[in-house]
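Asker: Structure file run36.pdb (PDB, C-alpha atoms, pLDDT in the B column) is given on the next line.
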ATOM      1  CA  MET B   1     123.098  82.967 102.662  1.00 80.00           C
ATOM      2  CA  ILE B   2     122.864  86.638 101.806  1.00 86.00           C
ATOM      3  CA  ASP B   3     121.639  85.859  98.282  1.00 90.00           C
ATOM      4  CA  VAL B   4     118.703  83.840  99.597  1.00 93.00           C
ATOM      5  CA  VAL B   5     117.734  86.569 102.058  1.00 93.00           C
ATOM      6  CA  LEU B   6     118.131  89.141  99.294  1.00 93.00           C
ATOM      7  CA  TRP B   7     115.669  87.282  97.070  1.00 94.00           C
ATOM      8  CA  ILE B   8     113.220  86.818  99.937  1.00 94.00           C
ATOM      9  CA  SER B   9     113.424  90.553 100.641  1.00 95.00           C
ATOM     10  CA  PHE B  10     112.829  91.343  96.967  1.00 95.00           C
ATOM     11  CA  VAL B  11     109.744  89.119  96.936  1.00 96.00           C
ATOM     12  CA  ILE B  12     108.376  90.744 100.099  1.00 95.00           C
ATOM     13  CA  MET B  13     108.977  94.213  98.668  1.00 95.00           C
ATOM     14  CA  CYS B  14     107.234  93.197  95.421  1.00 95.00           C
ATOM     15  CA  ILE B  15     104.196  92.064  97.424  1.00 95.00           C
ATOM     16  CA  ALA B  16     104.223  95.387  99.300  1.00 95.00           C
ATOM     17  CA  LEU B  17     104.415  97.281  95.990  1.00 95.00           C
ATOM     18  CA  ILE B  18     101.506  95.299  94.525  1.00 96.00           C
ATOM     19  CA  VAL B  19      99.397  95.851  97.636  1.00 95.00           C
ATOM     20  CA  THR B  20     100.163  99.584  97.541  1.00 94.00           C
ATOM     21  CA  PHE B  21      99.240  99.689  93.875  1.00 95.00           C
ATOM     22  CA  ILE B  22      95.903  98.002  94.607  1.00 95.00           C
ATOM     23  CA  ARG B  23      95.129 100.740  97.140  1.00 94.00           C
ATOM     24  CA  LEU B  24      96.325 103.356  94.628  1.00 94.00           C
ATOM     25  CA  VAL B  25      93.742 102.080  92.142  1.00 94.00           C
ATOM     26  CA  LEU B  26      90.992 101.571  94.723  1.00 90.00           C
ATOM     27  CA  GLY B  27      91.690 104.701  96.786  1.00 79.00           C
ATOM     28  CA  PRO B  28      88.385 106.526  97.049  1.00 86.00           C
ATOM     29  CA  THR B  29      89.752 110.084  97.219  1.00 88.00           C
ATOM     30  CA  LEU B  30      92.661 112.005  95.759  1.00 89.00           C
ATOM     31  CA  PRO B  31      94.576 112.402  99.077  1.00 90.00           C
ATOM     32  CA  ASP B  32      94.570 108.599  99.411  1.00 92.00           C
ATOM     33  CA  ARG B  33      96.240 108.322  96.039  1.00 92.00           C
ATOM     34  CA  VAL B  34      98.808 110.986  96.932  1.00 91.00           C
ATOM     35  CA  VAL B  35      99.690 109.057 100.101  1.00 92.00           C
ATOM     36  CA  MET B  36     100.030 105.844  98.112  1.00 94.00           C
ATOM     37  CA  LEU B  37     102.291 107.550  95.560  1.00 93.00           C
ATOM     38  CA  GLU B  38     104.528 108.709  98.387  1.00 93.00           C
ATOM     39  CA  LEU B  39     104.615 105.204  99.832  1.00 94.00           C
ATOM     40  CA  MET B  40     105.550 103.858  96.393  1.00 94.00           C
ATOM     41  CA  ALA B  41     108.428 106.341  96.265  1.00 94.00           C
ATOM     42  CA  LEU B  42     109.607 105.144  99.689  1.00 93.00           C
ATOM     43  CA  LEU B  43     109.329 101.555  98.465  1.00 95.00           C
ATOM     44  CA  SER B  44     111.431 102.490  95.441  1.00 94.00           C
ATOM     45  CA  VAL B  45     114.084 103.982  97.735  1.00 94.00           C
ATOM     46  CA  ALA B  46     114.208 100.719  99.686  1.00 94.00           C
ATOM     47  CA  PHE B  47     114.270  98.750  96.409  1.00 94.00           C
ATOM     48  CA  ILE B  48     117.253 100.758  95.201  1.00 94.00           C
ATOM     49  CA  GLY B  49     119.008 100.043  98.489  1.00 94.00           C
ATOM     50  CA  LEU B  50     118.421  96.315  98.077  1.00 94.00           C
ATOM     51  CA  TYR B  51     119.520  96.438  94.450  1.00 95.00           C
ATOM     52  CA  SER B  52     122.732  98.252  95.340  1.00 94.00           C
ATOM     53  CA  ILE B  53     123.478  95.392  97.759  1.00 93.00           C
ATOM     54  CA  LYS B  54     122.689  92.847  95.054  1.00 93.00           C
ATOM     55  CA  SER B  55     124.755  94.487  92.322  1.00 93.00           C
ATOM     56  CA  GLY B  56     127.597  95.682  94.522  1.00 92.00           C
ATOM     57  CA  HIS B  57     127.510  99.196  93.061  1.00 91.00           C
ATOM     58  CA  SER B  58     127.045 101.820  95.738  1.00 89.00           C
ATOM     59  CA  ALA B  59     126.442 104.559  93.154  1.00 92.00           C
ATOM     60  CA  PHE B  60     122.750 103.645  93.060  1.00 93.00           C
ATOM     61  CA  LEU B  61     122.320 105.254  96.475  1.00 93.00           C
ATOM     62  CA  ASP B  62     122.572 108.698  94.881  1.00 93.00           C
ATOM     63  CA  VAL B  63     119.530 107.794  92.803  1.00 93.00           C
ATOM     64  CA  ALA B  64     117.691 106.819  95.996  1.00 92.00           C
ATOM     65  CA  LEU B  65     118.524 110.172  97.595  1.00 93.00           C
ATOM     66  CA  VAL B  66     117.306 112.134  94.582  1.00 94.00           C
ATOM     67  CA  LEU B  67     114.160 109.992  94.398  1.00 93.00           C
ATOM     68  CA  ALA B  68     113.343 110.693  98.065  1.00 92.00           C
ATOM     69  CA  LEU B  69     113.815 114.419  97.454  1.00 92.00           C
ATOM     70  CA  THR B  70     111.592 114.396  94.370  1.00 93.00           C
ATOM     71  CA  ALA B  71     108.884 112.426  96.182  1.00 92.00           C
ATOM     72  CA  PHE B  72     108.830 114.941  99.022  1.00 92.00           C
ATOM     73  CA  LEU B  73     108.527 117.860  96.609  1.00 93.00           C
ATOM     74  CA  ALA B  74     105.763 116.063  94.707  1.00 92.00           C
ATOM     75  CA  ALA B  75     103.825 115.353  97.909  1.00 91.00           C
ATOM     76  CA  VAL B  76     104.039 118.960  99.058  1.00 91.00           C
ATOM     77  CA  GLY B  77     103.037 120.209  95.621  1.00 91.00           C
ATOM     78  CA  PHE B  78     100.069 117.820  95.469  1.00 89.00           C
ATOM     79  CA  ALA B  79      98.931 118.907  98.917  1.00 88.00           C
ATOM     80  CA  ARG B  80      99.166 122.559  98.013  1.00 87.00           C
ATOM     81  CA  TYR B  81      97.174 121.941  94.847  1.00 87.00           C
ATOM     82  CA  LEU B  82      94.551 120.047  96.844  1.00 83.00           C
ATOM     83  CA  GLU B  83      94.162 122.747  99.455  1.00 81.00           C
ATOM     84  CA  LYS B  84      94.471 125.923  97.446  1.00 78.00           C
ATOM     85  CA  GLY B  85      93.182 125.022  94.010  1.00 72.00           C
ATOM     86  CA  GLY B  86      90.782 122.702  92.279  1.00 58.00           C
ATOM     87  CA  LEU B  87      87.292 121.664  93.297  1.00 57.00           C
ATOM     88  CA  HIS B  88      86.496 121.016  96.952  1.00 52.00           C
ATOM     89  CA  ASP B  89      84.041 118.428  98.194  1.00 52.00           C
ATOM     90  CA  ASP B  90      82.359 120.969 100.462  1.00 52.00           C
ATOM     91  CA  ASP B  91      82.051 123.777  97.904  1.00 47.00           C
TER
ATOM     92  CA  MET D   1     139.900  82.784 111.910  1.00 64.00           C
ATOM     93  CA  THR D   2     138.572  85.846 113.707  1.00 78.00           C
ATOM     94  CA  THR D   3     138.068  87.714 110.435  1.00 82.00           C
ATOM     95  CA  ASP D   4     135.911  84.819 109.255  1.00 88.00           C
ATOM     96  CA  TYR D   5     133.715  85.252 112.286  1.00 89.00           C
ATOM     97  CA  VAL D   6     133.566  89.005 111.755  1.00 89.00           C
ATOM     98  CA  THR D   7     132.559  88.749 108.111  1.00 89.00           C
ATOM     99  CA  PHE D   8     130.005  86.061 108.939  1.00 90.00           C
ATOM    100  CA  GLY D   9     128.538  88.250 111.686  1.00 90.00           C
ATOM    101  CA  LEU D  10     128.386  91.243 109.356  1.00 91.00           C
ATOM    102  CA  GLU D  11     126.662  89.137 106.715  1.00 91.00           C
ATOM    103  CA  LEU D  12     124.196  87.846 109.294  1.00 93.00           C
ATOM    104  CA  ALA D  13     123.438  91.388 110.486  1.00 93.00           C
ATOM    105  CA  THR D  14     123.015  92.582 106.882  1.00 93.00           C
ATOM    106  CA  ALA D  15     120.585  89.751 106.124  1.00 94.00           C
ATOM    107  CA  PHE D  16     118.654  90.415 109.333  1.00 94.00           C
ATOM    108  CA  PHE D  17     118.288  94.148 108.661  1.00 95.00           C
ATOM    109  CA  MET D  18     117.293  93.553 105.022  1.00 94.00           C
ATOM    110  CA  LEU D  19     114.583  91.118 106.063  1.00 94.00           C
ATOM    111  CA  VAL D  20     113.295  93.363 108.863  1.00 95.00           C
ATOM    112  CA  GLY D  21     113.197  96.384 106.550  1.00 95.00           C
ATOM    113  CA  ALA D  22     111.345  94.475 103.847  1.00 95.00           C
ATOM    114  CA  LEU D  23     108.846  93.192 106.420  1.00 95.00           C
ATOM    115  CA  PHE D  24     108.240  96.739 107.670  1.00 95.00           C
ATOM    116  CA  MET D  25     107.619  97.878 104.104  1.00 95.00           C
ATOM    117  CA  LEU D  26     105.145  95.000 103.685  1.00 95.00           C
ATOM    118  CA  LEU D  27     103.497  96.137 106.934  1.00 94.00           C
ATOM    119  CA  ALA D  28     103.152  99.638 105.496  1.00 94.00           C
ATOM    120  CA  GLY D  29     101.587  98.273 102.322  1.00 94.00           C
ATOM    121  CA  LEU D  30      99.186  96.017 104.200  1.00 94.00           C
ATOM    122  CA  GLY D  31      98.168  98.892 106.468  1.00 93.00           C
ATOM    123  CA  ALA D  32      97.567 101.024 103.392  1.00 93.00           C
ATOM    124  CA  LEU D  33      95.344  98.338 101.914  1.00 93.00           C
ATOM    125  CA  ARG D  34      93.413  97.349 105.021  1.00 92.00           C
ATOM    126  CA  MET D  35      92.867 100.559 106.987  1.00 91.00           C
ATOM    127  CA  PRO D  36      89.435 102.164 106.535  1.00 91.00           C
ATOM    128  CA  ASP D  37      90.307 105.845 106.548  1.00 90.00           C
ATOM    129  CA  LEU D  38      92.740 108.347 105.020  1.00 91.00           C
ATOM    130  CA  LEU D  39      94.245 109.308 108.379  1.00 91.00           C
ATOM    131  CA  MET D  40      94.563 105.681 109.501  1.00 91.00           C
ATOM    132  CA  ARG D  41      96.179 104.762 106.193  1.00 92.00           C
ATOM    133  CA  MET D  42      98.686 107.574 106.626  1.00 92.00           C
ATOM    134  CA  HIS D  43      99.293 106.396 110.183  1.00 91.00           C
ATOM    135  CA  ALA D  44     100.302 103.015 108.776  1.00 90.00           C
ATOM    136  CA  THR D  45     102.273 104.123 105.730  1.00 92.00           C
ATOM    137  CA  THR D  46     104.375 107.053 106.890  1.00 92.00           C
ATOM    138  CA  LYS D  47     105.786 105.541 110.060  1.00 92.00           C
ATOM    139  CA  ALA D  48     106.322 101.960 108.910  1.00 93.00           C
ATOM    140  CA  GLY D  49     107.576 103.131 105.510  1.00 92.00           C
ATOM    141  CA  ALA D  50     110.149 105.523 106.965  1.00 93.00           C
ATOM    142  CA  LEU D  51     111.336 102.897 109.450  1.00 94.00           C
ATOM    143  CA  GLY D  52     111.553 100.207 106.773  1.00 94.00           C
ATOM    144  CA  SER D  53     113.622 102.300 104.376  1.00 93.00           C
ATOM    145  CA  GLY D  54     115.856 103.400 107.260  1.00 94.00           C
ATOM    146  CA  VAL D  55     116.482  99.802 108.329  1.00 95.00           C
ATOM    147  CA  ILE D  56     117.302  98.813 104.748  1.00 95.00           C
ATOM    148  CA  MET D  57     119.783 101.703 104.602  1.00 94.00           C
ATOM    149  CA  VAL D  58     121.394 100.291 107.766  1.00 94.00           C
ATOM    150  CA  ALA D  59     121.753  96.993 105.886  1.00 94.00           C
ATOM    151  CA  VAL D  60     123.365  98.816 102.950  1.00 94.00           C
ATOM    152  CA  ALA D  61     125.838 100.577 105.246  1.00 94.00           C
ATOM    153  CA  LEU D  62     126.736  97.282 106.935  1.00 93.00           C
ATOM    154  CA  HIS D  63     127.140  95.461 103.628  1.00 93.00           C
ATOM    155  CA  PHE D  64     129.538  97.915 102.014  1.00 92.00           C
ATOM    156  CA  GLY D  65     131.363  99.015 105.132  1.00 90.00           C
ATOM    157  CA  GLU D  66     132.886 102.121 103.506  1.00 91.00           C
ATOM    158  CA  ALA D  67     132.780 105.644 104.859  1.00 93.00           C
ATOM    159  CA  GLY D  68     131.274 107.156 101.709  1.00 92.00           C
ATOM    160  CA  VAL D  69     128.487 104.600 101.455  1.00 93.00           C
ATOM    161  CA  THR D  70     127.699 104.907 105.154  1.00 94.00           C
ATOM    162  CA  THR D  71     127.499 108.682 104.822  1.00 94.00           C
ATOM    163  CA  ARG D  72     125.071 108.398 101.921  1.00 94.00           C
ATOM    164  CA  ALA D  73     122.951 105.827 103.740  1.00 94.00           C
ATOM    165  CA  VAL D  74     122.781 108.045 106.816  1.00 94.00           C
ATOM    166  CA  ALA D  75     121.907 111.016 104.590  1.00 94.00           C
ATOM    167  CA  ILE D  76     119.048 109.081 102.980  1.00 94.00           C
ATOM    168  CA  THR D  77     117.747 107.928 106.373  1.00 94.00           C
ATOM    169  CA  LEU D  78     117.940 111.420 107.849  1.00 94.00           C
ATOM    170  CA  PHE D  79     116.278 112.942 104.804  1.00 93.00           C
ATOM    171  CA  VAL D  80     113.416 110.449 104.870  1.00 93.00           C
ATOM    172  CA  MET D  81     112.966 110.909 108.606  1.00 92.00           C
ATOM    173  CA  LEU D  82     112.921 114.700 108.209  1.00 93.00           C
ATOM    174  CA  THR D  83     110.621 114.943 105.214  1.00 93.00           C
ATOM    175  CA  SER D  84     108.177 112.080 105.789  1.00 92.00           C
ATOM    176  CA  PRO D  85     106.404 113.706 108.780  1.00 92.00           C
ATOM    177  CA  VAL D  86     106.251 117.054 106.979  1.00 93.00           C
ATOM    178  CA  ALA D  87     104.711 115.510 103.860  1.00 92.00           C
ATOM    179  CA  ALA D  88     102.278 113.480 105.988  1.00 92.00           C
ATOM    180  CA  HIS D  89     101.225 116.588 107.893  1.00 92.00           C
ATOM    181  CA  VAL D  90     100.686 118.586 104.712  1.00 92.00           C
ATOM    182  CA  ILE D  91      98.673 115.840 103.003  1.00 92.00           C
ATOM    183  CA  ALA D  92      96.580 115.123 106.106  1.00 91.00           C
ATOM    184  CA  ARG D  93      95.826 118.819 106.455  1.00 89.00           C
ATOM    185  CA  ALA D  94      94.822 119.095 102.809  1.00 88.00           C
ATOM    186  CA  GLY D  95      92.717 115.948 103.081  1.00 88.00           C
ATOM    187  CA  TYR D  96      90.949 117.179 106.199  1.00 87.00           C
ATOM    188  CA  PHE D  97      90.135 120.609 104.815  1.00 83.00           C
ATOM    189  CA  THR D  98      88.936 119.315 101.469  1.00 83.00           C
ATOM    190  CA  GLY D  99      86.367 117.204 103.294  1.00 80.00           C
ATOM    191  CA  THR D 100      87.754 113.689 102.932  1.00 83.00           C
ATOM    192  CA  PRO D 101      85.236 111.356 104.595  1.00 84.00           C
ATOM    193  CA  MET D 102      86.314 109.808 107.881  1.00 85.00           C
ATOM    194  CA  TRP D 103      85.589 106.339 109.149  1.00 86.00           C
ATOM    195  CA  SER D 104      81.899 105.797 109.889  1.00 84.00           C
ATOM    196  CA  ARG D 105      82.557 104.559 113.430  1.00 86.00           C
ATOM    197  CA  ILE D 106      84.839 107.413 114.479  1.00 83.00           C
ATOM    198  CA  VAL D 107      84.008 108.648 118.004  1.00 84.00           C
ATOM    199  CA  ARG D 108      84.719 112.362 117.880  1.00 82.00           C
ATOM    200  CA  ASP D 109      86.268 115.017 115.677  1.00 80.00           C
ATOM    201  CA  GLU D 110      87.730 117.632 117.995  1.00 77.00           C
ATOM    202  CA  LEU D 111      88.523 120.152 115.271  1.00 77.00           C
ATOM    203  CA  LYS D 112      85.047 120.145 113.746  1.00 78.00           C
ATOM    204  CA  GLY D 113      83.483 123.600 113.841  1.00 75.00           C
ATOM    205  CA  LYS D 114      86.440 125.144 115.651  1.00 75.00           C
ATOM    206  CA  TYR D 115      88.497 126.126 112.623  1.00 73.00           C
ATOM    207  CA  ASP D 116      87.959 129.146 110.430  1.00 71.00           C
ATOM    208  CA  ARG D 117      88.671 127.990 106.895  1.00 68.00           C
ATOM    209  CA  ASP D 118      88.823 131.489 105.463  1.00 67.00           C
ATOM    210  CA  ASN D 119      91.554 133.061 107.551  1.00 67.00           C
ATOM    211  CA  HIS D 120      93.000 129.749 108.890  1.00 69.00           C
ATOM    212  CA  THR D 121      92.778 130.442 112.604  1.00 73.00           C
ATOM    213  CA  LEU D 122      91.549 128.335 115.479  1.00 73.00           C
ATOM    214  CA  ASP D 123      88.875 129.472 117.866  1.00 71.00           C
ATOM    215  CA  SER D 124      90.689 130.266 121.091  1.00 59.00           C
ATOM    216  CA  PRO D 125      90.363 127.441 123.604  1.00 59.00           C
ATOM    217  CA  PRO D 126      88.941 128.284 127.074  1.00 55.00           C
ATOM    218  CA  ARG D 127      92.292 128.615 128.825  1.00 56.00           C
ATOM    219  CA  TYR D 128      93.270 131.596 126.677  1.00 53.00           C
ATOM    220  CA  LYS D 129      90.201 133.613 127.649  1.00 52.00           C
ATOM    221  CA  PRO D 130      90.571 136.348 130.290  1.00 55.00           C
ATOM    222  CA  LYS D 131      90.408 134.912 133.771  1.00 56.00           C
ATOM    223  CA  ALA D 132      87.317 136.860 134.941  1.00 55.00           C
ATOM    224  CA  THR D 133      85.076 135.794 132.064  1.00 53.00           C
ATOM    225  CA  ALA D 134      86.236 132.189 132.346  1.00 49.00           C
ATOM    226  CA  GLU D 135      85.306 132.126 136.036  1.00 49.00           C
ATOM    227  CA  THR D 136      81.919 133.754 135.553  1.00 50.00           C
ATOM    228  CA  SER D 137      81.049 131.507 132.633  1.00 49.00           C
ATOM    229  CA  GLU D 138      82.176 128.271 134.210  1.00 48.00           C
ATOM    230  CA  ALA D 139      81.404 128.497 137.893  1.00 45.00           C
ATOM    231  CA  PRO D 140      77.822 129.798 138.345  1.00 46.00           C
ATOM    232  CA  ALA D 141      76.465 126.385 139.316  1.00 46.00           C
ATOM    233  CA  ALA D 142      79.102 125.850 141.982  1.00 45.00           C
ATOM    234  CA  ASN D 143      78.708 129.408 143.288  1.00 45.00           C
ATOM    235  CA  THR D 144      74.941 129.129 143.697  1.00 44.00           C
ATOM    236  CA  ASP D 145      75.396 125.840 145.529  1.00 45.00           C
ATOM    237  CA  THR D 146      77.790 127.329 148.051  1.00 44.00           C
ATOM    238  CA  ASP D 147      75.631 130.463 148.403  1.00 45.00           C
ATOM    239  CA  LYS D 148      72.642 128.346 149.269  1.00 44.00           C
ATOM    240  CA  LYS D 149      74.528 126.248 151.803  1.00 45.00           C
ATOM    241  CA  GLU D 150      76.280 129.068 153.646  1.00 44.00           C
ATOM    242  CA  PRO D 151      73.279 130.908 155.184  1.00 43.00           C
TER
END
Can you dump the structure from the file as C-alpha cells?

Answerer:
Amino acid sequence: MIDVVLWISFVIMCIALIVTFIRLVLGPTLPDRVVMLELMALLSVAFIGLYSIKSGHSAFLDVALVLALTAFLAAVGFARYLEKGGLHDDD
Amino acid sequence: MTTDYVTFGLELATAFFMLVGALFMLLAGLGALRMPDLLMRMHATTKAGALGSGVIMVAVALHFGEAGVTTRAVAITLFVMLTSPVAAHVIARAGYFTGTPMWSRIVRDELKGKYDRDNHTLDSPPRYKPKATAETSEAPAANTDTDKKEP
C-alpha cells in the first residue's frame, strides 16, 4: 500500500514542480522568480523526505536540512540585492 | 496480532500524511501559477509550502520511528516554519519598494505615500500625535454644531 501512495505522492510533487517552473519562466518580475525559486527549494526538501521514505536511508534528511538553510540564505540575499542594489522600476 | 494492527496503522498514517503533504505542495504550486499578483502568489506559496513540507516530515518521522530521525524531521519542520515567514517578509518588502505592479483590481494600498523611502520611516499615524492638535484638527465640525445648538 505504501509503495502505491509513495508513487502517487511523487507524481503530485512532480506536477507541483512543473507548475512552479512554468511560473518561474513566466514570472513578470524578478521578485516573482525569487519566490518561485524558494518554493522550488521547499519542494526539493519535501522530495528528499519522500525519497528517504522510499529508499529507507534516513541520512538524506541532513541534505534536506542543509538545502532549507541554503534556500533561506539565498532568498534573503536576493531580497537585499533587490532592495539595496541594481536598477529600480521607479528610478 | 496487536503488533500487526499497530504497524498497519502506522503505515496508514504515513501514507495519509505523505498524500496530504504532496497535495498541499500541489496547492502551493497551483496558487503560484494562478494568482495574479506577487503578494497573492507569496500568500499561496509560503504558507501552503511550509505546511506541506512539515506534513511530509511528519510522515518521515512516522515511517522510521527512530529518535534520531524524528529529531531531524522536527528540526527541518521548525527551521522551515521559522525561516519561511522571514524570507517571505523580506522578499515582499523588496518587491513592494522596487515598485512591483499590483493587481489591477486592488481596492486600496494603505502604505502608498506614507513611507519615506530614503530614511525608511513611516509617517506617524494620527494616534501618535499630541492630544491637543489631534482634537483641534479632528473635531471642529462637531464643535461648531454644538456651539450653534447651545445658545

Asker: Taking the file as shown, what set of residues would the ChimeraX specification (/B :<8) & /D give back, as JSON, numbers by chain?

Answerer: {"D": [11, 12, 14, 15, 18, 19, 22, 23, 25, 26, 27, 28, 29, 30, 32, 33, 38, 41, 42, 45, 46, 49, 50, 52, 53, 56, 57, 60, 63, 64, 69, 72, 73, 75, 76, 79, 80, 83, 84, 87, 88, 90, 91, 92, 94, 95, 97, 98, 99, 100]}

Asker: Mind pulling up the distance from CA of Phe60 in chain B to CA of Thr3 in chain D?

Answerer: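 Computing it gives 28.1 Å between the two atoms.
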
Asker: Between CA of Gly65 in chain D and CA of Phe16 in chain D, what is the distance in Å, rounded to a tenth?

Answerer: 15.9 Å

Asker: Can you measure CA of Gly85 in chain B to CA of Asp37 in chain D for me? One decimal in Å is fine.

Answerer: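 Result for CA of Gly85 in chain B versus CA of Asp37 in chain D: 23.1 Å, one decimal.
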
Asker: As lines of an AutoDock Vina configuration file, what would the box around range 6-12 of chain D look like: edges along x, y and z, 3 Å added on every side, centre and edge lengths in Å to one decimal?

Answerer:
center_x = 128.9
center_y = 88.7
center_z = 109.2
size_x = 15.4
size_y = 11.2
size_z = 11.0

Asker: Let me know the residues the PyMOL selection byres ((chain D and resi 103-119) around 10) catches in the file above, as a list of chain:residue names.

Answerer: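 Expected selection for the PyMOL selection byres ((chain D and resi 103-119) around 10) here is D:Met35, D:Pro36, D:Asp37, D:Leu38, D:Leu39, D:Met40, D:Tyr96, D:Phe97, D:Thr100, D:Pro101, D:Met102, D:His120, D:Thr121, D:Leu122, D:Asp123, D:Ser124, D:Pro125.
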
Asker: Those selected residues, please, written with C-alpha atoms and delivered as a JSON list (two decimals), in the frame of the given file.

Answerer:
[["chain", "number", "residue", "atom", "x", "y", "z"],
["D", 35, "MET", "CA", 92.87, 100.56, 106.99],
["D", 36, "PRO", "CA", 89.44, 102.16, 106.54],
["D", 37, "ASP", "CA", 90.31, 105.84, 106.55],
["D", 38, "LEU", "CA", 92.74, 108.35, 105.02],
["D", 39, "LEU", "CA", 94.24, 109.31, 108.38],
["D", 40, "MET", "CA", 94.56, 105.68, 109.50],
["D", 96, "TYR", "CA", 90.95, 117.18, 106.20],
["D", 97, "PHE", "CA", 90.14, 120.61, 104.82],
["D", 100, "THR", "CA", 87.75, 113.69, 102.93],
["D", 101, "PRO", "CA", 85.24, 111.36, 104.60],
["D", 102, "MET", "CA", 86.31, 109.81, 107.88],
["D", 120, "HIS", "CA", 93.00, 129.75, 108.89],
["D", 121, "THR", "CA", 92.78, 130.44, 112.60],
["D", 122, "LEU", "CA", 91.55, 128.34, 115.48],
["D", 123, "ASP", "CA", 88.88, 129.47, 117.87],
["D", 124, "SER", "CA", 90.69, 130.27, 121.09],
["D", 125, "PRO", "CA", 90.36, 127.44, 123.60]]
